[in-house]
Amino acid sequence: MFEESERLEAYLEDTTDGENSLLKRVNRETYLRETMPHMLSGHYQGRVLSMLSKLVQPSLALEIGTFTGYATLCLAEGLAEGGKLHTIDINEEQQERVQGYFDESPYTDQIVYHIGDAAEEIAKIEGIFDLVFIDADKKRNLYYFNELIDRVRPGGLLLIDNVLWKGKVFDDKPDNQTKQIIELNQTLASDDRVEKLILPIRDGLFVLRKK
């Protein structure tokens, strides 16, 4: 999407904090084992997620779309003492490996890993969220936002990934999936319940702060 994007990404990674050994391993093994490893948040976006989480210091956080757990571990870095991060994914084939990553981390007692349909699993989690990260089925992003906005505290954050959709949001004749992303962005831009901005990193991260 950006000219010399690889050069920019390398520079950004060189000028931010490094990955710890566990994150490096999750990154490496994801690229070795997964058919779509680009779904991983990666080094720079992981540091962004960590920073945002540390600023909020959530006592209760939610992630929709665990994949191999890289972003989960980054978000967990900002949890308040005794805080919990619930992460939901539909793919049970990865469960054992991903749970293993969580168990190796300092946050094993703070990460609650759910396997199942996110709409059903969300309803089982009680409480008001301080931070929500939505990175799953793009067709349901607006549904998740509408379901969760009233369960986020004032001042809390909702983060939605992939909102620039590899630059396809600028296409003159967008395909149906891109149209859904465009509709989401337009709907959120006009929602006066949140302050909002898109960070143009990787595939676009929508940051929404509940008023």
# chains A, B, ... in the order shown; residues from 1 in each chain; ligands from 1
call {"tool": "closest_atom_pairs", "arguments": {"of": "region 97-125 of chain A", "to": "region 74-78 of chain A", "cutoff": "8 Å", "atoms": "only C-alpha atoms", "output": "tab-separated table"}}
result
residue	atom	partner	partner_atom	distance
A:Tyr107	CA	A:Ala76	CA	6.7
A:Gln110	CA	A:Ala76	CA	7.7
A:Ile111	CA	A:Ala76	CA	7.4
call {"tool": "write_last_selection", "arguments": {"atoms": "C-alpha atoms", "output": "short mmCIF file (atom, residue, chain, number, x, y, z; two decimals), in the first residue's frame"}}
result
data_model
loop_
_atom_site.label_atom_id
_atom_site.label_comp_id
_atom_site.auth_asym_id
_atom_site.auth_seq_id
_atom_site.Cartn_x
_atom_site.Cartn_y
_atom_site.Cartn_z
CA TYR A 107 0.39 -14.45 31.67
CA GLN A 110 -4.49 -14.23 33.04
CA ILE A 111 -5.31 -15.46 29.53
#
call {"tool": "residues_around", "arguments": {"residues": "Pro200 (chain A)", "least_positions_apart": "4", "cutoff": "8 Å", "atoms": "only C-alpha atoms", "output": "list in words"}}
result
Leu164, Gly204 and Leu205 of chain A
call {"tool": "write_last_selection", "arguments": {"atoms": "all heavy atoms", "output": "compact mmCIF listing (two decimals), in the first residue's frame"}}
result
# COMPACT_ATOMS: atom_id res chain seq x y z
N LEU A 164 -8.03 -1.16 6.24
CA LEU A 164 -7.60 -0.60 4.95
C LEU A 164 -7.54 -1.67 3.87
O LEU A 164 -7.44 -1.36 2.69
CB LEU A 164 -6.24 0.10 5.08
CG LEU A 164 -6.23 1.33 5.98
CD1 LEU A 164 -4.84 1.96 6.03
CD2 LEU A 164 -7.25 2.37 5.52
N GLY A 204 -4.00 -1.56 8.44
CA GLY A 204 -4.92 -0.57 8.96
C GLY A 204 -5.56 -0.99 10.27
O GLY A 204 -6.22 -2.03 10.35
N LEU A 205 -5.36 -0.20 11.32
CA LEU A 205 -5.91 -0.49 12.65
C LEU A 205 -6.82 0.66 13.07
O LEU A 205 -6.36 1.79 13.23
CB LEU A 205 -4.78 -0.68 13.68
CG LEU A 205 -5.21 -1.00 15.10
CD1 LEU A 205 -5.83 -2.39 15.18
CD2 LEU A 205 -4.00 -0.91 16.05
call {"tool": "select_by_dssp", "arguments": {"residues": "region 69-105 of chain A", "states": "alpha helix (DSSP H)", "output": "PyMOL selection string"}}
result
chain A and resi 70-76+95-104
call {"tool": "write_last_selection", "arguments": {"atoms": "C-alpha atoms", "output": "short mmCIF file (atom, residue, chain, number, x, y, z; two decimals), in the first residue's frame"}}
result
data_model
loop_
_atom_site.label_atom_id
_atom_site.label_comp_id
_atom_site.auth_asym_id
_atom_site.auth_seq_id
_atom_site.Cartn_x
_atom_site.Cartn_y
_atom_site.Cartn_z
CA TYR A 70 0.93 -13.45 18.97
CA ALA A 71 -1.37 -10.44 19.47
CA THR A 72 -2.84 -12.08 22.57
CA LEU A 73 0.56 -12.18 24.24
CA CYS A 74 1.22 -8.55 23.26
CA LEU A 75 -2.11 -7.35 24.67
CA ALA A 76 -1.51 -9.33 27.86
CA GLN A 95 -5.68 -25.08 20.35
CA GLU A 96 -3.01 -27.32 21.88
CA ARG A 97 -0.07 -25.43 20.34
CA VAL A 98 -1.46 -21.98 21.10
CA GLN A 99 -2.36 -22.91 24.67
CA GLY A 100 1.22 -24.12 25.00
CA TYR A 101 2.49 -20.66 24.08
CA PHE A 102 0.21 -19.10 26.69
CA ASP A 103 1.34 -21.58 29.33
CA GLU A 104 4.98 -20.64 28.68
#
call {"tool": "residues_around", "arguments": {"residues": "region 151-155 of chain A", "least_positions_apart": "4", "cutoff": "6 Å", "atoms": "only C-alpha atoms", "output": "list of chain:residue names"}}
result
A:Ile128, A:Phe129, A:Asp130, A:Arg209, A:Lys210, A:Lys211
call {"tool": "residues_around", "arguments": {"residues": "His86 (chain A)", "least_positions_apart": "6", "cutoff": "10 Å", "atoms": "only C-alpha atoms", "output": "list in words"}}
result
Leu60, Ala61, Leu62, Glu63, Ile64, Thr66, Thr72, Ala76, Gln110, Ile111, Val112, Tyr113, His114, Glu121, Ile122, Ile125 and Val132 of chain A
call {"tool": "write_last_selection", "arguments": {"atoms": "N, CA and C atoms", "output": "PDB file, in the first residue's frame"}}
result
ATOM      1  N   LEU A  60     -10.179  -6.114  32.414  1.00  0.00           N
ATOM      2  CA  LEU A  60     -10.891  -7.106  31.624  1.00  0.00           C
ATOM      3  C   LEU A  60     -10.761  -6.717  30.152  1.00  0.00           C
ATOM      4  N   ALA A  61     -10.184  -7.611  29.367  1.00  0.00           N
ATOM      5  CA  ALA A  61      -9.967  -7.363  27.941  1.00  0.00           C
ATOM      6  C   ALA A  61     -10.510  -8.532  27.142  1.00  0.00           C
ATOM      7  N   LEU A  62     -10.809  -8.268  25.865  1.00  0.00           N
ATOM      8  CA  LEU A  62     -11.370  -9.281  24.980  1.00  0.00           C
ATOM      9  C   LEU A  62     -10.692  -9.198  23.626  1.00  0.00           C
ATOM     10  N   GLU A  63     -10.317 -10.365  23.106  1.00  0.00           N
ATOM     11  CA  GLU A  63      -9.787 -10.455  21.752  1.00  0.00           C
ATOM     12  C   GLU A  63     -10.652 -11.437  20.971  1.00  0.00           C
ATOM     13  N   ILE A  64     -11.108 -11.023  19.799  1.00  0.00           N
ATOM     14  CA  ILE A  64     -11.867 -11.904  18.917  1.00  0.00           C
ATOM     15  C   ILE A  64     -10.973 -12.244  17.739  1.00  0.00           C
ATOM     16  N   THR A  66      -7.953 -15.310  17.795  1.00  0.00           N
ATOM     17  CA  THR A  66      -6.679 -15.586  18.461  1.00  0.00           C
ATOM     18  C   THR A  66      -5.573 -15.896  17.474  1.00  0.00           C
ATOM     19  N   THR A  72      -2.353 -11.802  21.211  1.00  0.00           N
ATOM     20  CA  THR A  72      -2.836 -12.081  22.565  1.00  0.00           C
ATOM     21  C   THR A  72      -1.741 -11.818  23.592  1.00  0.00           C
ATOM     22  N   ALA A  76      -1.618  -8.910  26.462  1.00  0.00           N
ATOM     23  CA  ALA A  76      -1.513  -9.330  27.863  1.00  0.00           C
ATOM     24  C   ALA A  76      -0.438  -8.570  28.619  1.00  0.00           C
ATOM     25  N   GLN A 110      -3.674 -15.391  33.369  1.00  0.00           N
ATOM     26  CA  GLN A 110      -4.493 -14.227  33.040  1.00  0.00           C
ATOM     27  C   GLN A 110      -5.176 -14.335  31.681  1.00  0.00           C
ATOM     28  N   ILE A 111      -4.718 -15.278  30.857  1.00  0.00           N
ATOM     29  CA  ILE A 111      -5.311 -15.463  29.529  1.00  0.00           C
ATOM     30  C   ILE A 111      -6.322 -16.603  29.589  1.00  0.00           C
ATOM     31  N   VAL A 112      -7.550 -16.321  29.175  1.00  0.00           N
ATOM     32  CA  VAL A 112      -8.613 -17.329  29.121  1.00  0.00           C
ATOM     33  C   VAL A 112      -8.919 -17.576  27.647  1.00  0.00           C
ATOM     34  N   TYR A 113      -8.616 -18.772  27.185  1.00  0.00           N
ATOM     35  CA  TYR A 113      -8.673 -19.134  25.765  1.00  0.00           C
ATOM     36  C   TYR A 113      -9.966 -19.887  25.479  1.00  0.00           C
ATOM     37  N   HIS A 114     -10.810 -19.309  24.617  1.00  0.00           N
ATOM     38  CA  HIS A 114     -12.092 -19.916  24.262  1.00  0.00           C
ATOM     39  C   HIS A 114     -12.031 -20.445  22.831  1.00  0.00           C
ATOM     40  N   GLU A 121     -19.635 -17.220  22.498  1.00  0.00           N
ATOM     41  CA  GLU A 121     -18.673 -17.160  23.598  1.00  0.00           C
ATOM     42  C   GLU A 121     -18.718 -15.809  24.317  1.00  0.00           C
ATOM     43  N   ILE A 122     -18.916 -14.725  23.567  1.00  0.00           N
ATOM     44  CA  ILE A 122     -18.987 -13.393  24.174  1.00  0.00           C
ATOM     45  C   ILE A 122     -20.088 -13.344  25.233  1.00  0.00           C
ATOM     46  N   ILE A 125     -19.188 -14.408  28.766  1.00  0.00           N
ATOM     47  CA  ILE A 125     -18.198 -13.652  29.532  1.00  0.00           C
ATOM     48  C   ILE A 125     -18.893 -12.493  30.237  1.00  0.00           C
ATOM     49  N   VAL A 132     -11.001  -3.968  23.824  1.00  0.00           N
ATOM     50  CA  VAL A 132     -11.489  -5.012  22.923  1.00  0.00           C
ATOM     51  C   VAL A 132     -10.689  -4.938  21.632  1.00  0.00           C
TER      52      VAL A 132
END
call {"tool": "atom_distance", "arguments": {"atom1": "CA of Met36 (chain A)", "atom2": "CA of Glu92 (chain A)"}}
result
16.2 Å
call {"tool": "closest_residue", "arguments": {"among": "A:Asn27, A:Thr16, A:Asn162, A:Thr108", "to": "Ile134 (chain A)", "atoms": "only C-alpha atoms"}}
result
A:Asn162
call {"tool": "select_by_dssp", "arguments": {"residues": "region 106-201 of chain A", "states": "strand (DSSP E)", "output": "MDAnalysis selection string"}}
result
chainID A and resid 111:115 129:134 152:161 194:199
call {"tool": "residues_around", "arguments": {"residues": "region 176-189 of chain A", "least_positions_apart": "6", "cutoff": "7 Å", "atoms": "only C-alpha atoms", "output": "list in words"}}
result
Lys139, Leu142, Val163, Lys168, Val169 and Lys196 of chain A
call {"tool": "closest_residue", "arguments": {"among": "A:Gly156, A:Pro174, A:Pro37, A:Gly167", "to": "Val207 (chain A)", "atoms": "only C-alpha atoms"}}
result
A:Gly156
call {"tool": "closest_residue", "arguments": {"among": "A:Glu195, A:Glu120, A:Asp161, A:Asp14", "to": "Phe133 (chain A)", "atoms": "only C-alpha atoms"}}
result
A:Asp161
call {"tool": "closest_residue", "arguments": {"among": "A:Val56, A:Leu157, A:Ala136, A:Leu148", "to": "Asp89 (chain A)", "atoms": "only C-alpha atoms"}}
result
A:Ala136
call {"tool": "atom_distance", "arguments": {"atom1": "CA of Thr35 (chain A)", "atom2": "CA of Gln94 (chain A)"}}
result
12.5 Å
